[in-house]
Structure formats: structure tokens, C-alpha cells
Amino acid sequence: MIVLSPPARVCLLLGITLIVLAGSGGAFTAPDLTALYLGWWPRLVMALLAGGGLALAGAVMQQALRNPLATPTTLGVVSGTQFSLLVATVAFPGLLIVGREWVALAGGAMAMGVVVLLAWRSRLAPVVVILAGLIVNLYLSALSIVMLLLHQEKLHGVLIWGAGSLAQSGWDGVAFLWPRLLLAAPLAILLARPLDILSLGDAQARSLGVSLHYIRLAALGVALFLAACVTSVAGVVGFVGLAAPTAARLLGARGFLAVASWSVAIGALLLAVIDLLLQAVSASSPLIIPTGAMTAVLGGPLLLWLLFRLKLSGKPPLRQRPALPSSRHGSLKWGLMLLGLLAAIALSLGTGQALQGWRWFDLAHAAAMLEWRLPRALAAGSAGAILAIAGVIVQRLTRNPMASPELLGISGGAALGLIGALFLLRGATIPALVTAGFIGALVGIAVVILLNRRSGFIPQRLLLTGVAVTAIASGVQSILLAGGDPRGQQAIAWMSGSTYYVDITAAAIIAAVAIVSLLVVPLFSRWLDLLPLGATVATGLGLNTNRSRFVLLLVVALLTACATLIVGPLSFVGLLAPHMARMAGFTNARSHLLGAAGLGCLLMVAADWVGRQVLYPQEIPAGLVASLVGGIYFFIGMRRL
Amino acid sequence: MKTVIQLAFAGLLSLGLSLPLAAEPLKSRFVTPDWTVAETLLALGVRPQGVGELAGYQSWVGTPAMPASVQDIGLRSQPNLELLIEMQPEKILLTRMFRSLERPMSRIAPTTLIDNQAGETAWQSMVAQTKEIGRIANRSAAADALIRAAEQHIDALAGQIDYTGEPLLVVQFMDAVHARVFGINSLYGSVLERLRIDNAWTGRANSWGFALTSLRELAAIEGRLVIVAPTPLGTDVTASGLWQALPSVRRGDVLWLPPAWSFGALPSAQRFAEILAEAL
């Protein structure tokens with residue numbers, strides 16, 4: 001009797017499931033042979049190829065970066081390809097005829113390039129890479145939402161592709177994919193294998209005279225090509241690249257070659273089985289459930305589980321550059337900031353476009369508009385300040401300059417709540433939507449807190465929890481958008497976060513929250529001064545780190561939930577304002593808090609105004625403008641850290 | 001002889017129907033973000049003061065043509081508030097889909113929420129919606145005339161084409177593999193019903209009466225394909241093997257139609273009936 005190794009047993013099991021599902025799905029008995037040969041079989045082969053290709057890309061990326069969480073999705077490749085296809089569809093449809101895969105490849109390469117660049121300084125430390133990937137993903141999804149807001153009708157096809165429906169209409173897709181996989185796969189394995197031997201450490205490798213960096217980059221490049229080719233024909237398929245290599249390793253595969261080959265087998269079979277199951281379910285539901293988006297939803301919990309097995313070092317992932325000396329020119333800084341804030345408010349309240357063109361400080365006109373402009377400016381500014389305060393807390397709590405309240409999963413929860421209300425209630429009103437969003441945010445917080453309670457809120461883990469929640473939220477979102485329901489446009493408008501629906505009552509509430517937080521949060525200054533010194537030092541100085549982390553996290557969660565409902569889940573203010581404040585030399589916790597709050601307020605008031613003017617009469621939501629402009633600053637600033 | 005009379009009758013009707021469209025529509029101070037309401041207003045001979053995303057209207061709805069003097073009020077989901085205040089509209093018309101706009105809009109001008117899914121069938125809903133818009137715009141007579149004319153026109157077309165062939169399968173392609181297929185409770189479906197043509201799609205559908213399907217699902221359905229433009233840019237839907245194998249393609253009786261807004265109102269329905277009748 002032959003004894004099978006554990007991965008072989010799993011593959012056998014998956015294979016049997018596949019055959020059973022195929023049989024009950026009519027693979028051998030279907031009455032309509034053409035649909036079978038030109039629709040069913042190509043789809044199955046596509047699922048196998050795509051699953052295998054993505055699994056291999058994931059395995060190679062994980063090997064090259066020595067990071068168990070590296071996948072085409074987490075490194076931004078997938079959202080890069082998606083964004084480049086959106087742009088091509090709207091602006092350069094001719095390019096799609098020339099070659100979809102090249103458009104996809106260019107977008108994927110650009111996104112991954114940015115991720116690698118962002119994490120370069122920290123020597124591509126696993127957590128930094130994943131956070132950089134999340135930031136790039138969020139940034140690209142902000143850009144995509146702008147495109148969707150402005151060109152909804154043109155983009156239905158891209159949305160279906162974005163949800164990763166594996167449906168085929170012949171053998172063209174398969175014929176496109178297999179030679180490319182055949183070409184790239186051996187290359188990737190050849191390049192990644194030396195890394196296995198040299199996995200002892202960079203220093204040792206260097207002493208052997210091998211340029212690890214170049215091998216690493218080359219292997220990443222080939223993995224990128226694999227992922228982009230698969231994605232350009234099969235659509236966005238999430239997390240097979242994570243699940244398959246993980247499973248292979250857990251089942252006992254050792255050494256890169258074994259992990260890679262079992263990954264390919266498991267990935268291919270897994271995607272095919274999921275696809276067949278979903279086809280069986282879809283047949284009786286009014287909605288196509290796209291396989292790719294569904295795997296992303298299923299992959300979320302897997303990612304969470306993995307996070308808790310990941311060994312995280314206690315070292316801070318990035319050393320923060322010492323800020324400029326702060327004592328000198330203290331009052332000048334504050335004065336400048338106040339001046340800027342006043343200018344932004346004046347611009348926002350006094351100036352705007354009208355039917356007959358620009359009205360610069362036309363007092364009569366501005367007075368008539370005050371009733372409308374004041375709530376928006378007030379709400380934008382307050383939300384900006386709140387997010388900035390939350391950002392300062394998170395960055396100090398996690399000792400990570402890439403941390404941001406937007407990354408904690410709270411926003412993902414809010415987005416899910418909004419989508420639920422829009423699609424389940426017939427004609428949802430504003431209060432219903434706000435309530436649903438808030439409940440969603442609270443659920444998101446509860447999940448994050450419950451998951452992190454046992455481990456004592458380890459900062460890096462806390463941040464990564466957001467990656468998983470975000471993955472689930474975006475999967476659900478793409479399933480709903482792919483169906484083409486006109487309510488999808490409403491969902492997009494809400495999630496883009498604008499001050500559009502704010503009336504003076506709502507603005508007053510959010511302003512009150514901002515003021516209260518400005519008064520209360522500085523009371524935690526001592527904690528915020530001690531926590532960045534590291535848990536050991538902080539404990540030594542008499543701080544109960546667990547309790548202080550928990551309390552601070554709760555404060556962040558509440559603040560973020562309030563602000564998210566006004567400016568949406570995608571503003572980068574919580575990331576940027578603390579940063580800019582630190583660069584400007586606001587170093588101790590108290591001045592950091594106040595400085596960031598001022599800058600956040602300034603940023604959002606300006607973004608709100610710009611968003612209302614730049615494409616007049618169409619309005620770009622303030623949160624999106626802030627993330628577009630701020631994101632660029634961030635990417636430039638981040639490289640210098 | 002009978003057909004000649006019918007044809008003449010239909011011609012007369014369509015002439016009569018196009019009259020209010022040809023005449024310069026009355027200026028009004030009604031504003032709507034919704035294209036469906038906008039096309040109904042135009043068909044009632046009322047020129048709206050402002051409509052959302054005009055460029056989109058031109059490419060997706062097209063007819064009735066939007067007069068150049070109509071103001072673009074920005075995104076349909078978030079029309080520009082300051083602009084609206086300046087325009088001082090007399091009334092703002094919303095549909096249920098834009099319900100979240102009700103509160104901000106009602107601070108600018110009296111705002112009415114039109115129920116565009118009031119009837120049991122798509123046709124009844126369109127009729128009810130037309131009546132309500134007519135009542136609001138003080139054009140009830142025109143609304144009744146529009147409904148009557150549309151019904152008679154389509155009924156006349158039904159007699160004229162007297163289609164007895166394969167049931168029709170009305171689809172709109174989203175990409176090379178996926179298409180929306182329109183069931184009985186969609187705009188297209190309700191027109192088919194009035195034209196006394198069988199709809200080949202009897203399967204699942206969402207509350208707008210359509211379902212997203214893949215080509216493979218369509219291949220299993222006996223029916224004559226009716227493809228409504230626009231087909232997606234950058235893809236050739238006819239290139240695939242499965243397309244070549246579709247029953248309708250093999251018979252060579254696929255119908256390609258110019259665009260008609262699939263979420264529209266009576267004018268779009270009528271336009272769809274006309275282009276379909278012409279193609280048949």
C-alpha cells in the first residue's frame with residue numbers, strides 16, 4: 001500500500017470533490033454539448049490555470065520577501081491592474097485592443113513598485129511591506145471610486161471583471177494564459193530557488209558574493225508577470241495566492257520547490273472546487289456570485305488566522321527620523337498654521353463658482369450661500385481634526401509612522417453597514433444610512449478588539465487586523481457592484497464620503513465631538529509620550545501598557561467611526577496630518593496632537609472646497625480629494641523616512 | 001388592404017406622437033437628477049431647467065433630445081447644491097433611487113418623490129409614473145395623450161409586424177462573456193409583451209427586471225438574440241467560440257439594435273418598440 005504525504009492526501013481529497021461536483025454539475029451528462037465544450041470545460045481549465053498561477057505567484061513572492069503574507073493582492077498588484085484597466089476603459093479603449101495584459105501588467109508593476117519603494121528603507125520587513133500594500137490598495141481604490149463616480153455606465157464590464165467571474169466563452173482565455181504560465185513558471189522557480197539556499201540571512205548571502213537584491217527583484221518581477229497575466233484574463237481573484245502556499249506549508253511541505261509545487265496543485269484544485277460550488281449556488285439565485293470576490297471574502301478570515309500565527313518581532317519596524325528641533329520658532333509655526341486655516345475657511349465660505357463663473361469674495365453671494373457652505377466647511381474641518389487626533393494616537397500607540405485609523409478595519413465595517421442598508425431597505429433615508437454605517441463601524445471595532453484582546457493589543461497585529469477586515473469589505477462590495485444594480489451608484493457615492501448630506505445639526509454634532517476630543521485626548525499625553533519608547537521602557541516607567549493600549553484604542557475607534565460617516569472610509573488625513581505635524585517639529589504628545597488637529601482641519605477644509613470647484617458642477621467628495629492630494633505627499637515623504 | 005390601413009394608421013399615430021416633441025418644449029423651472037423623469041418631461045412638452053450628467057444623457061438616452069439650454073446640475077447621485085439654489089427651481093423631482101437626496105433637495109425647493117415602481121408590471125409602473133409627472137407638471141392631458149399614443153402606437157406596431165418566429169432574447173453585453181438579459185418585468189420585457197412577442201428569458205431577474213448572465217447560460221436558451229447597443233468598447237463579443245455556437249448566431253437571425261435606455265420611461269419604451277419593429 002502506498003502511503004501518501006499530507007499535501008498529497010489533501011490534493012486527492014480536493015480532486016475527488018472536484019470530480020463529484022463536476023459530475024453533478026453535468027460535465028458528463030449535459031444535453032447541450034456546445035455549451036459544455038465551449039463554456040463549462042474552458043471555465044474549469046481557466047479556474048485550474050488561474051488558481052495554479054496565482055498560487056505560484058504567491059509562493060514566489062513569499063519566498064522572495066521572506067514574508068508569509070506576501071501575495072499578489074497584499075502587494076497591490078491586483079488593485080494596480082484593476083485601476084489601470086479602469087483608466088484604459090474610460091480614456092484609452094484602444095489600448096485594450098492592443099493588449100489587455102500589457103495594460104494590466106503596467107498597472108500591477110507600478111503598484112508593486114510603489115509598495116517595494118515604500119518598504120525599501122525598512123529592508124522589506126514583512127509588516128511594513130503589508131502595510132505599504134494596504135495603503136497602496138486603499139489609495140488605488142480611492143482613485144477607482146472617482147472613476148466610478150464620473151463614468152458609472154461605461155464601467156459595468158470592468159466591475160464584473162473586478163469581481164473575478166471566471167465565466168468563459170470559448171478557449172481563447174485558456175489559449176492566452178497557458179503559454180505564458182508555461183514560460184514564466186520555470187523562470188520564477190529558477191530565480192526563487194537560490195533564495196531558499198540563502199534564506200539563512202542577508203549577511204551570510206552577501207558574504208557568499210551573491211547579489212540577493214537582484215535575485216529577489218527578478219523573482220518578484222516574474223511573479224508579477226504571472227499574476228498580471230492571470231488577472232487580465234480571469235479577473236480579480238483574491239487570496240488563492242495566500243491560501244495555497246500557506247496550506248502547503250502547514251501540511252508539512254519543506255523547501256521552496258516542495259512548497260511551490262504543492263501550492264500550484266492545491267491552488268488549482270481549490271479554485272476549481274470553489275468555482276464549481278458557486279456555480280451550483282448561482283444557478284438558483286438572482287445574482288451571479290463571482291468566484292474571485294467570493295474567495296476574497298473567504299480569504300479574510302484565513303488572513304486573520306494567519307496573522308495570529310505570524311511571529312512578530314518586538315522591534316519597531318521603522319525608525320522614525322528625528323523631527324526638527326521644536327523649541328525655536330514655536331509661536332511662528334502656530335501662527336502660520338492658524339493663518340492657513342483662516343485662509344482656507346475664508347476661501348471655503350467666501351468663494352465659489354456660480355452660473356456666471358467665479359465669485360471671489362462676492363459678499364452678497366457668499367451670504368446667500370453661507371447656510372450651505374458653513375455646515376460643509378465645519379463638518380469637513382471637524383472630521384479632519386478628529387481623524388488627525390486619532391492618527392496621532394494610532395501612530396504613537398503602534399510606533400509606526402504608516403499606521404492610520406483608516407487601516408484598523410473600522411472603515412471597512414462602516415462601508416459594510418452602509419451597503420447593507422442601501423440594498424436591504426427599499427429606498428433608505430439619510431438617518432437610516434448613518435445609523436447603519438455607525439453600527440457597522442462599531443461591529444468592526446468589536447471584531448478588532450475581541451481578536452486582539454488575548455494578545456494584549458500588540459501594535460503591529462492590531463494594524464494587520466485591518467487588512468483582513470478591509471479584504472472582506474471590498475469582496476462584498478465587488479459582488480454587489482458586479483450585479484449592475486443601479487443602487488450601486490448610491491453605495492459608491494456614500495462610501496466616497498462627502499460632506500454633501502451634512503446639515504447644520506450634523507455639522508454641530510461632529511464639531512462638538514472634535515472640540516471634546518481636543519480637550520480630552522491631551523489628558524492622555526503622558527501615555528502617548530511613553531508608549532513610543534517601547535513596551536519595556538514604558539512598563540518600567542510605571543505604565544500599564546495593556547490597559548493604556550485598550551483605552552486608547554477605544555478612543556481611536558469612536559473618533560474614527562464618527563469621522564468616517566462624514567468624510568468616508570478613504571481619507572488619508574489620519575495618516576498625513578500626524579506626519580506633517582511631526583515633520584513641522586511638533587514633537588511632544590501634546591503639541592503633536594494639537595498641531596496635527598490643526599493641519600487635519602486645514603487639509604479637509606481645503607479638500608472640501610477644491611472638490612466642489614475642480615469639476616464644477618460635478619462634485620468630488622472631500623475625502624477623495626484629501627486622499628488623492630495627500631497620498632502623493634505621503635508617497636514622497638515616506639521614501640525619506 | 002388591411003395592412004395598408006394599419007400602416008397608414010401607425011404612420012399617422014407616430015406623426016401625431018412626434019408632434020409635441022418637434023415643437024419647442026415649454027420652458028419650465030423643474031429640476032431632476034434622474035434621466036427617466038427628464039425624458040418623460042420632454043415627451044410631455046416640458047423643458048426641464050436642469051438635469052444631472054447631461055453628457056451621459058446624450059450617450060445613454062439620446063432621444064428625446066435634450067435642448068441645449070438645459071443646465072447640467074452635476075452628478076445624478078449628488079447634484080450641485082449651490083448651483084441649484086442659484087437656479088431657484090420651482091420644483092425638484094426625484095425617484096425612489098435618489099431618495100437620500102430628498103432632505104437636502106427639499107430645503108432648496110418643493111421636492112417630490114416619484115414612485116417609479118408603483119405598478120405591478122413594468123408597464124403599469126411607467127404609466128403611473130407618467131401620470132404623476134403629468135400631474136405635477138400640470139400637463140395631465142399631455143400625459144394621458146402620451147400614454148394613449150404610446151399604447152396605440154405599440155399596439156399598431158404589434159399588428160404590423162405580427163411576429164410569429166422564435167421568442168426573443170433581449171440582451172445587453174457588459175463584456176465579451178457577460179450580458180444583461182431582460183425579463184418580463186423590465187422596460188424591454190414589457191414592450192415585448194405589448195408587441196405580443198414571447199420573451200425567451202423566463203428565469204431569474206432583479207427588481208429592475210434584468211439578470212446578469214454569462215454566454216453559457218444564454219447558449220442553453222432557444223430564442224432569437226436581440227442585442228441592444230452600446231456593446232462594450234475594446235471587446236469583440238462575436239469573436240468567441242461560444243458566441244459562434246449560440247443557436248441564434250448559427251441561424252444567422254441576430255438583431256442588433258441602436259441604444260434605448262433600459263431604465264427609461266415611456267419615450268424609451270416607445271423608442272425600443274420602434275427600433276425593434278424596424279429591425280424585424
# chains A, B, ... in the order shown; residues from 1 in each chain; ligands from 1
$ interface_residues --of "chain A" --to "chain B" --cutoff "6 Å" --atoms "only C-alpha atoms" --output "PyMOL selection string"
chain A and resi 35+38-39+93+96-97+157+169-170+286+427+429-430+617-618
$ select_by_dssp --residues "segment 227-362 of chain A" --states "strand (DSSP E)" --output "PyMOL selection string"
chain A and resi 351-354+357-360
$ select_by_dssp --residues "segment 193-249 of chain B" --states "helix (DSSP H, G or I)" --output "number ranges by chain"
B: 193-194, 215-219, 237-239, 241-245, 247-249
$ closest_residue --among "A:Pro569, A:Gly381, A:Pro486, A:Gly340" --to "Ser262 of chain B" --atoms "only C-alpha atoms"
A:Pro486
$ residues_around --residues "segment 464-467 of chain A" --least-positions-apart "5" --cutoff "7 Å" --atoms "only C-alpha atoms" --output "JSON, numbers by chain"
{"A": [134, 304, 407, 408, 409, 448]}
$ write_last_selection --atoms "N, CA and C atoms" --output "PDB file, in the first residue's frame"
ATOM      1  N   LEU A 134      -1.306  47.730   1.811  1.00  0.00           N
ATOM      2  CA  LEU A 134      -2.667  48.136   2.169  1.00  0.00           C
ATOM      3  C   LEU A 134      -2.896  49.603   1.818  1.00  0.00           C
ATOM      4  N   LEU A 304      -6.770  36.542   8.849  1.00  0.00           N
ATOM      5  CA  LEU A 304      -6.812  36.828  10.284  1.00  0.00           C
ATOM      6  C   LEU A 304      -6.128  35.737  11.081  1.00  0.00           C
ATOM      7  N   LEU A 407      -6.790  52.234   8.728  1.00  0.00           N
ATOM      8  CA  LEU A 407      -6.322  50.876   8.467  1.00  0.00           C
ATOM      9  C   LEU A 407      -6.831  49.877   9.487  1.00  0.00           C
ATOM     10  N   LEU A 408      -7.596  50.318  10.462  1.00  0.00           N
ATOM     11  CA  LEU A 408      -7.946  49.430  11.566  1.00  0.00           C
ATOM     12  C   LEU A 408      -9.164  48.546  11.314  1.00  0.00           C
ATOM     13  N   GLY A 409      -9.797  48.691  10.166  1.00  0.00           N
ATOM     14  CA  GLY A 409     -10.959  47.856   9.913  1.00  0.00           C
ATOM     15  C   GLY A 409     -12.259  48.523  10.299  1.00  0.00           C
ATOM     16  N   VAL A 448     -12.168  43.830  15.937  1.00  0.00           N
ATOM     17  CA  VAL A 448     -10.744  44.112  16.120  1.00  0.00           C
ATOM     18  C   VAL A 448     -10.348  43.948  17.593  1.00  0.00           C
TER      19      VAL A 448
END
$ closest_residue --among "A:Pro186, A:Gly113, A:Gly241, A:Gly221" --to "Gly51 of chain A" --atoms "only C-alpha atoms"
A:Gly241
